[in-house]
Amino acid sequence: MMVNYRTKKGREFLELKIKEYFELCDKKNAEDEKEKKSVKPYTLTGLLYHLDMSADELEELSKSRKLSRTIGSAKRKIEAYIEENALNGRLSPTAAINSLKEHFGWNEKNGGIMYDRLSVELSDEVKELGA
């Protein structure tokens with residue numbers, strides 16, 4: 001089904017489909033709560049599959065001012081889920097790291113995890129204060 005997500009009706013449909021995806025995952029995980037591992041973790045690929053679109057299509061939609069908040073919120077929810085569940089042992093740390101690197105711009109620098117999108121350059125004056 002082709003939907004114009006840039007219309008009000010299309011945006012509402014997108015919000016509904018995103019909400020539906022998270023509810024589906026939550027329902028499946030609640031059914032299997034006795035399991036130590038998440039049975040249906042939140043993933044960007046899972047969301048894309050549920051929305052029947054590619055990562056490029058979602059990225060293009062996220063450039064729209066009217067859709068960026070909705071899409072950004074869904075992506076942050078997935079990112080937080082992956083990080084939190086890797087820390088509490090419900091997700092494989094290796095899989096979580098790979099997903100965070102691939103889909104959310106994380107990388108390893110100087111022994112820590114940092115974002116590719118953020119760069120800070122200190123002026124010489126500030127560097128002197130730290131010396």
# chains A, B, ... in the order shown; residues from 1 in each chain; ligands from 1

$ residues_around --residues "A:Leu100" --least-positions-apart "4" --cutoff "12 Å" --atoms "only C-alpha atoms" --output "PyMOL selection string"
chain A and resi 43-44+75-76+78-84+86+93-96+104-108+113-116

$ write_last_selection --atoms "N, CA and C atoms" --output "PDB file, in the first residue's frame"
ATOM      1  N   THR A  43      14.057  -3.393  17.095  1.00  0.00           N
ATOM      2  CA  THR A  43      15.173  -3.211  16.169  1.00  0.00           C
ATOM      3  C   THR A  43      14.745  -2.259  15.062  1.00  0.00           C
ATOM      4  N   LEU A  44      15.706  -1.562  14.516  1.00  0.00           N
ATOM      5  CA  LEU A  44      15.411  -0.667  13.399  1.00  0.00           C
ATOM      6  C   LEU A  44      14.969  -1.485  12.191  1.00  0.00           C
ATOM      7  N   LYS A  75      13.376   6.021  16.679  1.00  0.00           N
ATOM      8  CA  LYS A  75      14.766   5.572  16.598  1.00  0.00           C
ATOM      9  C   LYS A  75      15.454   5.677  17.965  1.00  0.00           C
ATOM     10  N   ARG A  76      15.181   6.750  18.708  1.00  0.00           N
ATOM     11  CA  ARG A  76      15.772   6.880  20.047  1.00  0.00           C
ATOM     12  C   ARG A  76      15.244   5.808  20.997  1.00  0.00           C
ATOM     13  N   ILE A  78      14.351   2.769  20.147  1.00  0.00           N
ATOM     14  CA  ILE A  78      15.062   1.538  19.773  1.00  0.00           C
ATOM     15  C   ILE A  78      16.488   1.583  20.296  1.00  0.00           C
ATOM     16  N   GLU A  79      17.158   2.708  20.118  1.00  0.00           N
ATOM     17  CA  GLU A  79      18.537   2.857  20.573  1.00  0.00           C
ATOM     18  C   GLU A  79      18.643   2.659  22.083  1.00  0.00           C
ATOM     19  N   ALA A  80      17.753   3.292  22.844  1.00  0.00           N
ATOM     20  CA  ALA A  80      17.761   3.150  24.303  1.00  0.00           C
ATOM     21  C   ALA A  80      17.470   1.707  24.711  1.00  0.00           C
ATOM     22  N   TYR A  81      16.529   1.084  24.036  1.00  0.00           N
ATOM     23  CA  TYR A  81      16.175  -0.303  24.322  1.00  0.00           C
ATOM     24  C   TYR A  81      17.389  -1.213  24.138  1.00  0.00           C
ATOM     25  N   ILE A  82      18.085  -1.033  23.021  1.00  0.00           N
ATOM     26  CA  ILE A  82      19.251  -1.872  22.737  1.00  0.00           C
ATOM     27  C   ILE A  82      20.322  -1.678  23.806  1.00  0.00           C
ATOM     28  N   GLU A  83      20.622  -0.436  24.110  1.00  0.00           N
ATOM     29  CA  GLU A  83      21.658  -0.158  25.105  1.00  0.00           C
ATOM     30  C   GLU A  83      21.279  -0.709  26.481  1.00  0.00           C
ATOM     31  N   GLU A  84      20.068  -0.409  26.941  1.00  0.00           N
ATOM     32  CA  GLU A  84      19.635  -0.853  28.268  1.00  0.00           C
ATOM     33  C   GLU A  84      19.592  -2.372  28.385  1.00  0.00           C
ATOM     34  N   ALA A  86      21.218  -4.573  26.588  1.00  0.00           N
ATOM     35  CA  ALA A  86      22.571  -5.151  26.522  1.00  0.00           C
ATOM     36  C   ALA A  86      23.213  -5.068  27.899  1.00  0.00           C
ATOM     37  N   PRO A  93      25.597  -8.491  24.119  1.00  0.00           N
ATOM     38  CA  PRO A  93      26.388  -7.258  23.998  1.00  0.00           C
ATOM     39  C   PRO A  93      27.010  -7.084  22.615  1.00  0.00           C
ATOM     40  N   THR A  94      27.469  -8.168  22.025  1.00  0.00           N
ATOM     41  CA  THR A  94      28.086  -8.090  20.702  1.00  0.00           C
ATOM     42  C   THR A  94      27.075  -7.644  19.657  1.00  0.00           C
ATOM     43  N   ALA A  95      25.896  -8.236  19.678  1.00  0.00           N
ATOM     44  CA  ALA A  95      24.852  -7.844  18.727  1.00  0.00           C
ATOM     45  C   ALA A  95      24.427  -6.399  18.972  1.00  0.00           C
ATOM     46  N   ALA A  96      24.332  -6.013  20.242  1.00  0.00           N
ATOM     47  CA  ALA A  96      23.935  -4.647  20.570  1.00  0.00           C
ATOM     48  C   ALA A  96      24.962  -3.644  20.062  1.00  0.00           C
ATOM     49  N   PHE A 104      23.059   3.597  14.513  1.00  0.00           N
ATOM     50  CA  PHE A 104      22.929   4.796  15.349  1.00  0.00           C
ATOM     51  C   PHE A 104      24.210   5.610  15.454  1.00  0.00           C
ATOM     52  N   GLY A 105      25.206   5.293  14.636  1.00  0.00           N
ATOM     53  CA  GLY A 105      26.397   6.112  14.546  1.00  0.00           C
ATOM     54  C   GLY A 105      27.392   5.981  15.685  1.00  0.00           C
ATOM     55  N   TRP A 106      27.255   4.955  16.505  1.00  0.00           N
ATOM     56  CA  TRP A 106      28.213   4.770  17.590  1.00  0.00           C
ATOM     57  C   TRP A 106      29.500   4.210  17.004  1.00  0.00           C
ATOM     58  N   ASN A 107      30.627   4.542  17.647  1.00  0.00           N
ATOM     59  CA  ASN A 107      31.889   3.920  17.281  1.00  0.00           C
ATOM     60  C   ASN A 107      32.826   3.958  18.468  1.00  0.00           C
ATOM     61  N   GLU A 108      33.910   3.226  18.361  1.00  0.00           N
ATOM     62  CA  GLU A 108      34.875   3.174  19.451  1.00  0.00           C
ATOM     63  C   GLU A 108      36.033   4.108  19.130  1.00  0.00           C
ATOM     64  N   ILE A 113      32.971   4.562  23.825  1.00  0.00           N
ATOM     65  CA  ILE A 113      31.997   4.646  22.747  1.00  0.00           C
ATOM     66  C   ILE A 113      31.606   6.111  22.584  1.00  0.00           C
ATOM     67  N   MET A 114      31.645   6.577  21.362  1.00  0.00           N
ATOM     68  CA  MET A 114      31.299   7.960  21.084  1.00  0.00           C
ATOM     69  C   MET A 114      30.419   8.012  19.846  1.00  0.00           C
ATOM     70  N   TYR A 115      29.790   9.133  19.615  1.00  0.00           N
ATOM     71  CA  TYR A 115      28.979   9.342  18.429  1.00  0.00           C
ATOM     72  C   TYR A 115      29.832   9.918  17.306  1.00  0.00           C
ATOM     73  N   ASP A 116      29.624   9.434  16.089  1.00  0.00           N
ATOM     74  CA  ASP A 116      30.310   9.990  14.927  1.00  0.00           C
ATOM     75  C   ASP A 116      29.849  11.415  14.653  1.00  0.00           C
TER      76      ASP A 116
END

$ atom_distance --atom1 "atom CA of A:Lys19" --atom2 "atom CA of A:Ile97"
24.9 Å

$ select_by_dssp --residues "chain A" --states "strand (DSSP E or B)" --output "list in words"
Trp106, Asn107, Glu108, Lys109, Gly112, Ile113, Met114 and Tyr115 of chain A

$ select_by_dssp --residues "chain A" --states "alpha helix (DSSP H)" --output "PyMOL selection string"
chain A and resi 8-31+44-51+55-62+65-87+93-104+124-130

$ closest_residue --among "A:Lys28, A:His103, A:His50, A:Arg11" --to "A:Ser64" --atoms "only C-alpha atoms"
A:Arg11

$ residues_around --residues "A:Leu48" --least-positions-apart "4" --cutoff "12 Å" --atoms "only C-alpha atoms" --output "ChimeraX atom specification"
/A:14,17-18,21,42-44,52-59,71,74-75,78,103

$ decode --residues "stretch 94-105 of chain A" --atoms "C-alpha atoms" --output "mmCIF file, in the first residue's frame"
data_model
loop_
_atom_site.group_PDB
_atom_site.id
_atom_site.type_symbol
_atom_site.label_atom_id
_atom_site.label_comp_id
_atom_site.auth_asym_id
_atom_site.auth_seq_id
_atom_site.Cartn_x
_atom_site.Cartn_y
_atom_site.Cartn_z
ATOM 1 C CA THR A 94 28.086 -8.090 20.702
ATOM 2 C CA ALA A 95 24.852 -7.844 18.727
ATOM 3 C CA ALA A 96 23.935 -4.647 20.570
ATOM 4 C CA ILE A 97 27.297 -3.024 19.836
ATOM 5 C CA ASN A 98 27.065 -3.957 16.167
ATOM 6 C CA SER A 99 23.521 -2.600 15.914
ATOM 7 C CA LEU A 100 24.407 0.648 17.693
ATOM 8 C CA LYS A 101 27.404 1.137 15.409
ATOM 9 C CA GLU A 102 25.551 0.277 12.211
ATOM 10 C CA HIS A 103 22.254 2.078 12.790
ATOM 11 C CA PHE A 104 22.929 4.796 15.349
ATOM 12 C CA GLY A 105 26.397 6.112 14.546
#
